[in-house]
Amino acid sequence: MDLDAFTELLTPRGQRALAEAVELVGADPVAAATRLRRTYDAALTSAALTQAGLRDRARAKFGADAASMYFTPHGLEQATRAEVGAHRARRLATPTDGTRATSGEAQGAARETPVAAGGRPGWAGETRVVTSGTRVVDVCCGIGGDFIALARAGCLVDAVDLDPLTVAVARANAEALGLGERVTVRVGDAATVSPEEYDWLFADPARRTSRGRTFDPMAYSPPWPVVLDLVARAPRACLKVAPGIPYEFIPAGAEAEWVSYKGEVKEAALWTGSIDATTRAGTPDTTGAPRTDEAPTIGATGPIGAVERPGDVVPPATVPGGAVRRATLLPGGETLVARGVEAQIGPVGRYVYEPDGAAIRAHLVGEVAEMVNGRLPDPMIAYITSDEAFDTPWAARYSVEEVLPFSLKRLRATLRERQIGNVVIKKRASAVDIERLRNDLRLSGDKSAVIVLTRVMNKPSVLICHAAPPA
């Protein structure tokens, strides 16, 4: 879909074509195109069918809004999920005294109680409902997922993107959702923006190149040095980055927040110039953290190191001075701030806890272990064990039935003896191929189990578990 085809899609004729295409979602593609071609030319037919398909896919991120929004394939892929964007917008529109605020004009606005570190109510207080009028410049706006949330939180947004088609799509979204008076969208280079003229800078650098997704901040668009220059000139800034951003790229004094939605880590956000008293309660991390196949890896006794791709090991890297780490769980809104807690090391107990990915990414395994009176079976791996049952949104709990040294023959015999024919296999710090193992186990039986492949005090081990009922 090019700019001309998208522009035609916004005309009355284009809207009719789009409405017809929406009705054909799920139909045979050839039949759908043939039907539309009876009335419309090839370019409009293609644009309408593409847009209808993107709207259908976008419902997972944008809910009911997707039915009236417009997308590009890459724009939809990188767009922020609506719930995550709303969380970030609420934080951004919050007065720096720590009181959370929602805009009186925000759709579906709800009263909120300030939450202390750890996710528990910190004090009873009346939420201040405001129309903030906060001026934000969104320098890599994409299709507008973030400025939609910002505008609904009461902000006035100037949005910029380098691609004319993306800008046209973003502008159409602002109008379609009734936010045109709060959002302006224009074609522009982020490097030319003057962030000092706004209350906030928001940036979501593109993480795709011509070869696909990139994990190197230096390959972002705009590149990381340009982003940092903008941050240095902005009174306050929020940067959306990949969850696996190496710690050495986090600006000194920033807060790094990892956000998960329904147990899946969605993004990291770097906040500068607006850290409130609650955030400052966190202490800079100078401790080690457990290893996970899905999170940064550290040296045995060194400070935090970072990796981008699972399995990579890099030399330890010190966290920038004053950096604060936070994890947030959505949709519940629980938040946990680093306090430098070091988990104890000890044998596997009655339960094993699997921390949420946001807590692992933020190196808050020690804080989660403290919640469940737990310890680590291995100092380098992000599994927690405890003899006590706790219900917490920060970790899934499993009852441990047996702990074995890893041996395919012994594991197969044990599962057969227990009549286990269905397993969920989890692993960390294990080179075992899960699907190959599943085939090699030759399971039979009518019972189920959770199999955890890991290391216990640096020895390959397997834990036979069951999902634990509520405490």
# chains A, B, ... in the order shown; residues from 1 in each chain; ligands from 1
>>> residues_around(residues="Gly145 of chain A", least_positions_apart="2", cutoff="10 Å", atoms="only C-alpha atoms", output="PyMOL selection string")
chain A and resi 61-62+69+75-76+78-82+85-86+141-143+147-150+170+173-174
>>> write_last_selection(atoms="N, CA, C and O atoms", output="mmCIF file, in the first residue's frame")
data_model
loop_
_atom_site.group_PDB
_atom_site.id
_atom_site.type_symbol
_atom_site.label_atom_id
_atom_site.label_comp_id
_atom_site.auth_asym_id
_atom_site.auth_seq_id
_atom_site.Cartn_x
_atom_site.Cartn_y
_atom_site.Cartn_z
ATOM 1 N N LYS A 61 -4.275 -5.937 19.973
ATOM 2 C CA LYS A 61 -3.551 -4.833 20.612
ATOM 3 C C LYS A 61 -4.455 -3.663 20.964
ATOM 4 O O LYS A 61 -4.248 -3.008 21.992
ATOM 5 N N PHE A 62 -5.442 -3.388 20.115
ATOM 6 C CA PHE A 62 -6.208 -2.151 20.268
ATOM 7 C C PHE A 62 -7.684 -2.366 20.584
ATOM 8 O O PHE A 62 -8.421 -1.397 20.746
ATOM 9 N N MET A 69 -9.426 2.223 13.113
ATOM 10 C CA MET A 69 -8.060 2.696 12.918
ATOM 11 C C MET A 69 -7.484 2.218 11.592
ATOM 12 O O MET A 69 -8.077 1.401 10.886
ATOM 13 N N GLY A 75 4.060 -0.908 11.092
ATOM 14 C CA GLY A 75 3.531 -0.035 12.138
ATOM 15 C C GLY A 75 2.741 -0.803 13.177
ATOM 16 O O GLY A 75 2.856 -0.547 14.379
ATOM 17 N N LEU A 76 1.946 -1.762 12.720
ATOM 18 C CA LEU A 76 1.171 -2.577 13.658
ATOM 19 C C LEU A 76 2.091 -3.455 14.490
ATOM 20 O O LEU A 76 1.893 -3.615 15.695
ATOM 21 N N GLN A 78 5.144 -2.925 15.496
ATOM 22 C CA GLN A 78 5.883 -2.195 16.523
ATOM 23 C C GLN A 78 4.975 -1.407 17.456
ATOM 24 O O GLN A 78 5.408 -0.949 18.506
ATOM 25 N N ALA A 79 3.709 -1.273 17.118
ATOM 26 C CA ALA A 79 2.806 -0.450 17.924
ATOM 27 C C ALA A 79 2.658 -1.005 19.334
ATOM 28 O O ALA A 79 2.669 -2.216 19.557
ATOM 29 N N THR A 80 2.499 -0.112 20.277
ATOM 30 C CA THR A 80 2.324 -0.470 21.679
ATOM 31 C C THR A 80 0.915 -0.993 21.924
ATOM 32 O O THR A 80 -0.061 -0.419 21.436
ATOM 33 N N ARG A 81 0.796 -2.071 22.661
ATOM 34 C CA ARG A 81 -0.515 -2.561 23.088
ATOM 35 C C ARG A 81 -1.224 -1.462 23.869
ATOM 36 O O ARG A 81 -0.613 -0.743 24.666
ATOM 37 N N ALA A 82 -2.529 -1.332 23.663
ATOM 38 C CA ALA A 82 -3.277 -0.223 24.245
ATOM 39 C C ALA A 82 -3.137 -0.166 25.765
ATOM 40 O O ALA A 82 -2.971 0.910 26.352
ATOM 41 N N GLY A 85 0.300 1.191 26.633
ATOM 42 C CA GLY A 85 0.362 2.617 26.341
ATOM 43 C C GLY A 85 -0.399 3.440 27.365
ATOM 44 O O GLY A 85 0.047 4.527 27.768
ATOM 45 N N ALA A 86 -1.548 2.947 27.814
ATOM 46 C CA ALA A 86 -2.336 3.677 28.813
ATOM 47 C C ALA A 86 -1.599 3.743 30.143
ATOM 48 O O ALA A 86 -1.613 4.779 30.821
ATOM 49 N N CYS A 141 6.575 8.522 15.941
ATOM 50 C CA CYS A 141 5.193 8.228 16.338
ATOM 51 C C CYS A 141 4.612 6.978 15.706
ATOM 52 O O CYS A 141 3.636 6.434 16.206
ATOM 53 N N GLY A 142 5.172 6.499 14.584
ATOM 54 C CA GLY A 142 4.584 5.335 13.935
ATOM 55 C C GLY A 142 3.135 5.578 13.591
ATOM 56 O O GLY A 142 2.742 6.681 13.197
ATOM 57 N N ILE A 143 2.293 4.561 13.763
ATOM 58 C CA ILE A 143 0.882 4.703 13.396
ATOM 59 C C ILE A 143 0.068 5.387 14.492
ATOM 60 O O ILE A 143 -1.132 5.581 14.341
ATOM 61 N N PHE A 147 0.606 8.037 20.958
ATOM 62 C CA PHE A 147 -0.001 9.362 21.153
ATOM 63 C C PHE A 147 -1.503 9.253 21.390
ATOM 64 O O PHE A 147 -2.112 10.164 21.962
ATOM 65 N N ILE A 148 -2.133 8.150 20.989
ATOM 66 C CA ILE A 148 -3.539 7.942 21.329
ATOM 67 C C ILE A 148 -3.690 7.887 22.844
ATOM 68 O O ILE A 148 -4.546 8.567 23.427
ATOM 69 N N ALA A 149 -2.852 7.082 23.498
ATOM 70 C CA ALA A 149 -2.911 6.972 24.954
ATOM 71 C C ALA A 149 -2.550 8.294 25.626
ATOM 72 O O ALA A 149 -3.185 8.701 26.603
ATOM 73 N N LEU A 150 -1.544 8.983 25.099
ATOM 74 C CA LEU A 150 -1.131 10.258 25.691
ATOM 75 C C LEU A 150 -2.237 11.300 25.581
ATOM 76 O O LEU A 150 -2.522 12.028 26.537
ATOM 77 N N ALA A 170 -1.054 7.814 10.767
ATOM 78 C CA ALA A 170 -1.167 8.330 12.128
ATOM 79 C C ALA A 170 -2.165 9.481 12.205
ATOM 80 O O ALA A 170 -2.982 9.553 13.141
ATOM 81 N N ASN A 173 -5.618 8.187 12.124
ATOM 82 C CA ASN A 173 -6.008 7.572 13.394
ATOM 83 C C ASN A 173 -6.412 8.614 14.420
ATOM 84 O O ASN A 173 -7.372 8.417 15.177
ATOM 85 N N ALA A 174 -5.687 9.711 14.475
ATOM 86 C CA ALA A 174 -6.054 10.781 15.398
ATOM 87 C C ALA A 174 -7.453 11.299 15.099
ATOM 88 O O ALA A 174 -8.268 11.512 16.004
#
>>> residues_around(residues="segment 19-28 of chain A", least_positions_apart="4", cutoff="7 Å", atoms="only C-alpha atoms", output="compact mmCIF listing (two decimals) with all heavy atoms, in the first residue's frame")
# COMPACT_ATOMS: atom_id res chain seq x y z
N GLN A 15 -13.85 4.40 1.47
CA GLN A 15 -14.49 3.89 2.68
C GLN A 15 -15.50 2.80 2.36
O GLN A 15 -15.65 1.82 3.12
CB GLN A 15 -15.17 5.04 3.43
CG GLN A 15 -14.19 6.04 4.04
CD GLN A 15 -13.36 5.43 5.16
OE1 GLN A 15 -13.87 5.15 6.24
NE2 GLN A 15 -12.08 5.21 4.89
N ALA A 32 -12.21 -13.03 -2.52
CA ALA A 32 -12.44 -11.68 -1.99
C ALA A 32 -11.95 -10.62 -2.97
O ALA A 32 -12.65 -9.62 -3.24
CB ALA A 32 -11.73 -11.53 -0.64
N ALA A 48 -7.71 -1.89 0.31
CA ALA A 48 -8.85 -2.17 1.18
C ALA A 48 -8.71 -3.54 1.84
O ALA A 48 -8.93 -3.69 3.06
CB ALA A 48 -10.15 -2.11 0.39
N LEU A 49 -8.31 -4.55 1.07
CA LEU A 49 -8.16 -5.88 1.64
C LEU A 49 -7.00 -5.93 2.64
O LEU A 49 -7.10 -6.59 3.69
CB LEU A 49 -7.93 -6.90 0.52
CG LEU A 49 -9.15 -7.20 -0.37
CD1 LEU A 49 -8.75 -8.07 -1.54
CD2 LEU A 49 -10.25 -7.88 0.44
N ALA A 52 -8.20 -4.18 5.83
CA ALA A 52 -9.17 -5.00 6.57
C ALA A 52 -8.47 -6.11 7.33
O ALA A 52 -8.82 -6.41 8.49
CB ALA A 52 -10.20 -5.58 5.59
N GLY A 53 -7.49 -6.73 6.69
CA GLY A 53 -6.73 -7.78 7.38
C GLY A 53 -5.95 -7.25 8.56
O GLY A 53 -5.88 -7.89 9.62
>>> closest_residue(among="A:Ala219, A:Ala159, A:Val187, A:Ile451", to="Leu201 of chain A", atoms="only C-alpha atoms")
A:Ala159
>>> residues_around(residues="Glu402 of chain A", least_positions_apart="3", cutoff="10 Å", atoms="only C-alpha atoms", output="ChimeraX atom specification")
/A:348,350,399,414,462-465
>>> select_by_dssp(residues="segment 154-276 of chain A", states="alpha helix (DSSP H)", output="number ranges by chain")
A: 164-176, 224-233
>>> write_last_selection(atoms="N, CA and C atoms", output="PDB file, in the first residue's frame")
ATOM      1  N   PRO A 164       6.285   9.514   5.060  1.00  0.00           N
ATOM      2  CA  PRO A 164       5.025  10.200   4.733  1.00  0.00           C
ATOM      3  C   PRO A 164       3.797   9.299   4.845  1.00  0.00           C
ATOM      4  N   LEU A 165       3.900   8.037   4.426  1.00  0.00           N
ATOM      5  CA  LEU A 165       2.746   7.141   4.538  1.00  0.00           C
ATOM      6  C   LEU A 165       2.392   6.901   6.000  1.00  0.00           C
ATOM      7  N   THR A 166       3.391   6.675   6.825  1.00  0.00           N
ATOM      8  CA  THR A 166       3.139   6.453   8.250  1.00  0.00           C
ATOM      9  C   THR A 166       2.494   7.676   8.879  1.00  0.00           C
ATOM     10  N   VAL A 167       2.942   8.854   8.499  1.00  0.00           N
ATOM     11  CA  VAL A 167       2.353  10.091   9.022  1.00  0.00           C
ATOM     12  C   VAL A 167       0.888  10.198   8.597  1.00  0.00           C
ATOM     13  N   ALA A 168       0.573   9.865   7.345  1.00  0.00           N
ATOM     14  CA  ALA A 168      -0.812   9.913   6.876  1.00  0.00           C
ATOM     15  C   ALA A 168      -1.682   8.944   7.669  1.00  0.00           C
ATOM     16  N   VAL A 169      -1.147   7.759   7.944  1.00  0.00           N
ATOM     17  CA  VAL A 169      -1.887   6.771   8.729  1.00  0.00           C
ATOM     18  C   VAL A 169      -2.100   7.274  10.152  1.00  0.00           C
ATOM     19  N   ALA A 170      -1.054   7.814  10.767  1.00  0.00           N
ATOM     20  CA  ALA A 170      -1.167   8.330  12.128  1.00  0.00           C
ATOM     21  C   ALA A 170      -2.165   9.481  12.205  1.00  0.00           C
ATOM     22  N   ARG A 171      -2.114  10.376  11.247  1.00  0.00           N
ATOM     23  CA  ARG A 171      -3.044  11.508  11.229  1.00  0.00           C
ATOM     24  C   ARG A 171      -4.483  11.009  11.100  1.00  0.00           C
ATOM     25  N   ALA A 172      -4.685  10.006  10.255  1.00  0.00           N
ATOM     26  CA  ALA A 172      -6.025   9.443  10.087  1.00  0.00           C
ATOM     27  C   ALA A 172      -6.509   8.797  11.382  1.00  0.00           C
ATOM     28  N   ASN A 173      -5.618   8.187  12.124  1.00  0.00           N
ATOM     29  CA  ASN A 173      -6.008   7.572  13.394  1.00  0.00           C
ATOM     30  C   ASN A 173      -6.412   8.614  14.420  1.00  0.00           C
ATOM     31  N   ALA A 174      -5.687   9.711  14.475  1.00  0.00           N
ATOM     32  CA  ALA A 174      -6.054  10.781  15.398  1.00  0.00           C
ATOM     33  C   ALA A 174      -7.453  11.299  15.099  1.00  0.00           C
ATOM     34  N   GLU A 175      -7.753  11.483  13.829  1.00  0.00           N
ATOM     35  CA  GLU A 175      -9.070  11.970  13.433  1.00  0.00           C
ATOM     36  C   GLU A 175     -10.145  10.916  13.687  1.00  0.00           C
ATOM     37  N   ALA A 176      -9.855   9.675  13.361  1.00  0.00           N
ATOM     38  CA  ALA A 176     -10.850   8.610  13.505  1.00  0.00           C
ATOM     39  C   ALA A 176     -11.267   8.403  14.954  1.00  0.00           C
ATOM     40  N   TRP A 224      21.057   5.347  18.427  1.00  0.00           N
ATOM     41  CA  TRP A 224      21.076   5.633  19.856  1.00  0.00           C
ATOM     42  C   TRP A 224      21.760   6.948  20.212  1.00  0.00           C
ATOM     43  N   PRO A 225      22.881   7.337  19.600  1.00  0.00           N
ATOM     44  CA  PRO A 225      23.474   8.630  19.957  1.00  0.00           C
ATOM     45  C   PRO A 225      22.536   9.805  19.689  1.00  0.00           C
ATOM     46  N   VAL A 226      21.745   9.732  18.618  1.00  0.00           N
ATOM     47  CA  VAL A 226      20.776  10.796  18.337  1.00  0.00           C
ATOM     48  C   VAL A 226      19.691  10.816  19.405  1.00  0.00           C
ATOM     49  N   VAL A 227      19.221   9.639  19.795  1.00  0.00           N
ATOM     50  CA  VAL A 227      18.206   9.545  20.840  1.00  0.00           C
ATOM     51  C   VAL A 227      18.729  10.141  22.143  1.00  0.00           C
ATOM     52  N   LEU A 228      19.957   9.807  22.512  1.00  0.00           N
ATOM     53  CA  LEU A 228      20.520  10.314  23.766  1.00  0.00           C
ATOM     54  C   LEU A 228      20.723  11.820  23.723  1.00  0.00           C
ATOM     55  N   ASP A 229      21.035  12.348  22.558  1.00  0.00           N
ATOM     56  CA  ASP A 229      21.161  13.802  22.432  1.00  0.00           C
ATOM     57  C   ASP A 229      19.817  14.477  22.690  1.00  0.00           C
ATOM     58  N   LEU A 230      18.741  13.905  22.159  1.00  0.00           N
ATOM     59  CA  LEU A 230      17.404  14.436  22.408  1.00  0.00           C
ATOM     60  C   LEU A 230      17.068  14.364  23.896  1.00  0.00           C
ATOM     61  N   VAL A 231      17.394  13.242  24.517  1.00  0.00           N
ATOM     62  CA  VAL A 231      17.123  13.071  25.941  1.00  0.00           C
ATOM     63  C   VAL A 231      17.877  14.101  26.767  1.00  0.00           C
ATOM     64  N   ALA A 232      19.113  14.361  26.404  1.00  0.00           N
ATOM     65  CA  ALA A 232      19.937  15.313  27.158  1.00  0.00           C
ATOM     66  C   ALA A 232      19.346  16.714  27.119  1.00  0.00           C
ATOM     67  N   ARG A 233      18.622  17.032  26.053  1.00  0.00           N
ATOM     68  CA  ARG A 233      18.048  18.374  25.916  1.00  0.00           C
ATOM     69  C   ARG A 233      16.602  18.474  26.388  1.00  0.00           C
TER      70      ARG A 233
END
>>> residues_around(residues="Val424 of chain A", least_positions_apart="2", cutoff="10 Å", atoms="only C-alpha atoms", output="list in words")
Asn422, Lys426, Ile434, Arg438, Ser448, Ala449, Val450, Ile451, Val452, Cys465 and His466 of chain A
>>> closest_residue(among="A:Ser260, A:Ala359, A:Met371, A:Pro331", to="Glu83 of chain A", atoms="only C-alpha atoms")
A:Pro331
>>> residues_around(residues="Cys155 of chain A", least_positions_apart="3", cutoff="6 Å", atoms="only C-alpha atoms", output="compact mmCIF listing (two decimals) with N, CA and C atoms, in the first residue's frame")
# COMPACT_ATOMS: atom_id res chain seq x y z
N SER A 132 -4.37 17.47 31.95
CA SER A 132 -3.02 17.93 32.26
C SER A 132 -2.53 19.05 31.36
N GLY A 133 -2.88 19.00 30.07
CA GLY A 133 -2.33 19.97 29.15
C GLY A 133 -0.83 19.82 28.98
N THR A 134 -0.26 18.73 29.48
CA THR A 134 1.16 18.47 29.34
C THR A 134 1.52 18.39 27.86
N ARG A 135 2.56 19.11 27.47
CA ARG A 135 2.97 19.14 26.06
C ARG A 135 4.05 18.09 25.83
N LEU A 150 -1.54 8.98 25.10
CA LEU A 150 -1.13 10.26 25.69
C LEU A 150 -2.24 11.30 25.58
N ALA A 151 -2.87 11.38 24.42
CA ALA A 151 -3.94 12.35 24.24
C ALA A 151 -5.12 12.04 25.15
>>> residues_around(residues="Glu255 of chain A", least_positions_apart="2", cutoff="6 Å", atoms="only C-alpha atoms", output="list of chain:residue names")
A:Leu270, A:Trp271, A:Ala323, A:Val324, A:Arg325
>>> atom_distance(atom1="atom CA of Pro377 of chain A", atom2="atom CA of Tyr398 of chain A")
14.4 Å
>>> residues_around(residues="segment 4-6 of chain A", least_positions_apart="3", cutoff="7 Å", atoms="only C-alpha atoms", output="PyMOL selection string")
chain A and resi 1+9-10+43-44+47
>>> select_by_dssp(residues="segment 299-449 of chain A", states="strand (DSSP E)", output="compact mmCIF listing (two decimals) with N, CA, C and O atoms, in the first residue's frame")
# COMPACT_ATOMS: atom_id res chain seq x y z
N VAL A 324 17.78 3.19 38.33
CA VAL A 324 16.80 2.50 39.17
C VAL A 324 16.04 1.52 38.30
O VAL A 324 15.73 1.81 37.15
N ARG A 325 15.75 0.34 38.85
CA ARG A 325 15.06 -0.68 38.08
C ARG A 325 13.68 -0.94 38.68
O ARG A 325 13.53 -1.04 39.89
N ARG A 326 12.69 -1.06 37.78
CA ARG A 326 11.32 -1.29 38.20
C ARG A 326 10.69 -2.33 37.27
O ARG A 326 11.00 -2.38 36.08
N ALA A 327 9.81 -3.14 37.82
CA ALA A 327 9.00 -4.05 37.01
C ALA A 327 7.54 -3.75 37.27
O ALA A 327 7.15 -3.43 38.41
N THR A 328 6.72 -3.84 36.24
CA THR A 328 5.29 -3.56 36.36
C THR A 328 4.51 -4.67 35.69
O THR A 328 4.86 -5.12 34.60
N LEU A 329 3.44 -5.09 36.35
CA LEU A 329 2.57 -6.14 35.82
C LEU A 329 1.24 -5.54 35.41
O LEU A 329 0.59 -4.84 36.19
N LEU A 330 0.83 -5.84 34.19
CA LEU A 330 -0.47 -5.42 33.71
C LEU A 330 -1.28 -6.66 33.36
O LEU A 330 -0.71 -7.69 33.02
N GLU A 334 0.47 -3.88 39.40
CA GLU A 334 1.45 -4.04 40.47
C GLU A 334 2.83 -3.59 39.99
O GLU A 334 3.19 -3.79 38.84
N THR A 335 3.57 -2.98 40.90
CA THR A 335 4.90 -2.50 40.54
C THR A 335 5.89 -2.85 41.64
O THR A 335 5.53 -2.89 42.82
N LEU A 336 7.10 -3.14 41.25
CA LEU A 336 8.14 -3.55 42.19
C LEU A 336 9.43 -2.82 41.84
O LEU A 336 9.83 -2.78 40.69
N VAL A 337 10.06 -2.21 42.86
CA VAL A 337 11.26 -1.41 42.66
C VAL A 337 12.45 -2.11 43.34
O VAL A 337 12.32 -2.66 44.43
N GLN A 344 19.06 -15.85 49.25
CA GLN A 344 19.90 -16.89 49.83
C GLN A 344 19.96 -18.09 48.87
O GLN A 344 19.12 -18.25 47.99
N ILE A 345 20.95 -18.92 49.03
CA ILE A 345 21.10 -20.13 48.23
C ILE A 345 20.79 -21.33 49.11
O ILE A 345 21.21 -21.37 50.28
N TYR A 351 8.16 -26.19 47.18
CA TYR A 351 7.62 -25.46 46.03
C TYR A 351 8.75 -24.84 45.21
O TYR A 351 9.80 -24.50 45.75
N VAL A 352 8.49 -24.67 43.93
CA VAL A 352 9.38 -23.90 43.08
C VAL A 352 8.56 -22.77 42.47
O VAL A 352 7.40 -22.97 42.08
N TYR A 353 9.12 -21.57 42.45
CA TYR A 353 8.45 -20.38 41.94
C TYR A 353 9.17 -19.91 40.68
O TYR A 353 10.40 -19.81 40.66
N GLU A 354 8.39 -19.61 39.66
CA GLU A 354 8.93 -19.08 38.40
C GLU A 354 8.59 -17.60 38.33
O GLU A 354 7.44 -17.23 38.11
N PRO A 355 9.55 -16.70 38.54
CA PRO A 355 9.25 -15.26 38.55
C PRO A 355 8.74 -14.76 37.21
O PRO A 355 9.08 -15.31 36.15
N ARG A 375 14.53 -19.06 48.42
CA ARG A 375 15.97 -19.12 48.18
C ARG A 375 16.18 -19.63 46.75
O ARG A 375 15.24 -20.07 46.09
N LEU A 376 17.41 -19.58 46.28
CA LEU A 376 17.72 -20.02 44.92
C LEU A 376 18.40 -21.39 44.98
O LEU A 376 19.39 -21.57 45.68
N ILE A 384 13.11 -19.89 41.97
CA ILE A 384 13.10 -19.70 43.42
C ILE A 384 12.44 -20.92 44.04
O ILE A 384 11.49 -21.49 43.48
N THR A 385 12.92 -21.35 45.18
CA THR A 385 12.29 -22.45 45.90
C THR A 385 11.95 -22.01 47.32
O THR A 385 12.61 -21.12 47.89
N SER A 386 10.92 -22.62 47.87
CA SER A 386 10.50 -22.28 49.23
C SER A 386 9.74 -23.47 49.81
O SER A 386 9.20 -24.30 49.07
N ALA A 395 5.03 -14.39 40.63
CA ALA A 395 5.62 -15.70 40.33
C ALA A 395 4.55 -16.76 40.26
O ALA A 395 3.57 -16.73 41.02
N ALA A 396 4.73 -17.71 39.35
CA ALA A 396 3.89 -18.91 39.29
C ALA A 396 4.49 -19.95 40.23
O ALA A 396 5.71 -20.10 40.31
N ARG A 397 3.62 -20.67 40.94
CA ARG A 397 4.08 -21.63 41.95
C ARG A 397 3.75 -23.05 41.52
O ARG A 397 2.65 -23.34 41.05
N TYR A 398 4.71 -23.95 41.73
CA TYR A 398 4.52 -25.37 41.41
C TYR A 398 4.92 -26.21 42.61
O TYR A 398 5.91 -25.91 43.29
N SER A 399 4.17 -27.27 42.87
CA SER A 399 4.52 -28.22 43.92
C SER A 399 5.57 -29.19 43.39
O SER A 399 5.39 -29.78 42.32
N VAL A 400 6.64 -29.34 44.12
CA VAL A 400 7.73 -30.21 43.69
C VAL A 400 7.46 -31.63 44.20
O VAL A 400 7.35 -31.85 45.42
N GLU A 401 7.38 -32.58 43.29
CA GLU A 401 7.14 -33.97 43.66
C GLU A 401 8.45 -34.75 43.79
O GLU A 401 8.58 -35.63 44.64
N GLU A 402 9.41 -34.43 42.93
CA GLU A 402 10.66 -35.17 42.94
C GLU A 402 11.74 -34.36 42.25
O GLU A 402 11.46 -33.64 41.29
N VAL A 403 12.97 -34.48 42.73
CA VAL A 403 14.13 -33.83 42.13
C VAL A 403 15.11 -34.92 41.73
O VAL A 403 15.51 -35.75 42.57
N LEU A 404 15.51 -34.94 40.45
CA LEU A 404 16.40 -35.99 39.93
C LEU A 404 17.59 -35.38 39.23
O LEU A 404 17.47 -34.32 38.60
N PRO A 405 18.74 -36.03 39.29
CA PRO A 405 19.83 -35.66 38.37
C PRO A 405 19.32 -35.93 36.95
O PRO A 405 18.60 -36.92 36.74
N ILE A 420 2.38 -40.73 34.02
CA ILE A 420 2.28 -39.38 33.49
C ILE A 420 2.39 -39.44 31.97
O ILE A 420 3.42 -39.86 31.43
N GLY A 421 1.33 -39.03 31.29
CA GLY A 421 1.31 -39.06 29.84
C GLY A 421 1.26 -37.71 29.18
O GLY A 421 1.32 -37.60 27.94
N ASN A 422 1.14 -36.66 29.98
CA ASN A 422 1.07 -35.29 29.43
C ASN A 422 1.95 -34.39 30.28
O ASN A 422 1.79 -34.34 31.51
N VAL A 423 2.90 -33.71 29.64
CA VAL A 423 3.82 -32.85 30.40
C VAL A 423 3.94 -31.47 29.75
O VAL A 423 3.87 -31.33 28.54
N VAL A 424 4.09 -30.48 30.61
CA VAL A 424 4.53 -29.15 30.21
C VAL A 424 6.00 -29.07 30.58
O VAL A 424 6.37 -29.33 31.74
N ILE A 425 6.86 -28.78 29.61
CA ILE A 425 8.31 -28.78 29.86
C ILE A 425 8.81 -27.34 29.89
O ILE A 425 8.60 -26.58 28.95
N LYS A 426 9.47 -26.99 30.98
CA LYS A 426 10.10 -25.68 31.12
C LYS A 426 11.59 -25.89 31.29
O LYS A 426 12.02 -26.93 31.81
N LYS A 427 12.37 -24.90 30.87
CA LYS A 427 13.81 -25.06 31.06
C LYS A 427 14.49 -23.71 31.21
O LYS A 427 14.06 -22.70 30.67
N LYS A 447 -2.13 -39.09 33.54
CA LYS A 447 -1.83 -38.03 34.49
C LYS A 447 -0.93 -36.97 33.84
O LYS A 447 -0.31 -37.22 32.82
N SER A 448 -0.87 -35.78 34.47
CA SER A 448 -0.11 -34.66 33.93
C SER A 448 0.93 -34.19 34.94
O SER A 448 0.81 -34.43 36.15
N ALA A 449 1.93 -33.50 34.42
CA ALA A 449 2.98 -32.95 35.28
C ALA A 449 3.66 -31.79 34.58
O ALA A 449 3.53 -31.61 33.36
>>> closest_residue(among="A:Thr214, A:Glu370, A:Thr272, A:Ser68", to="Arg55 of chain A", atoms="only C-alpha atoms")
A:Ser68
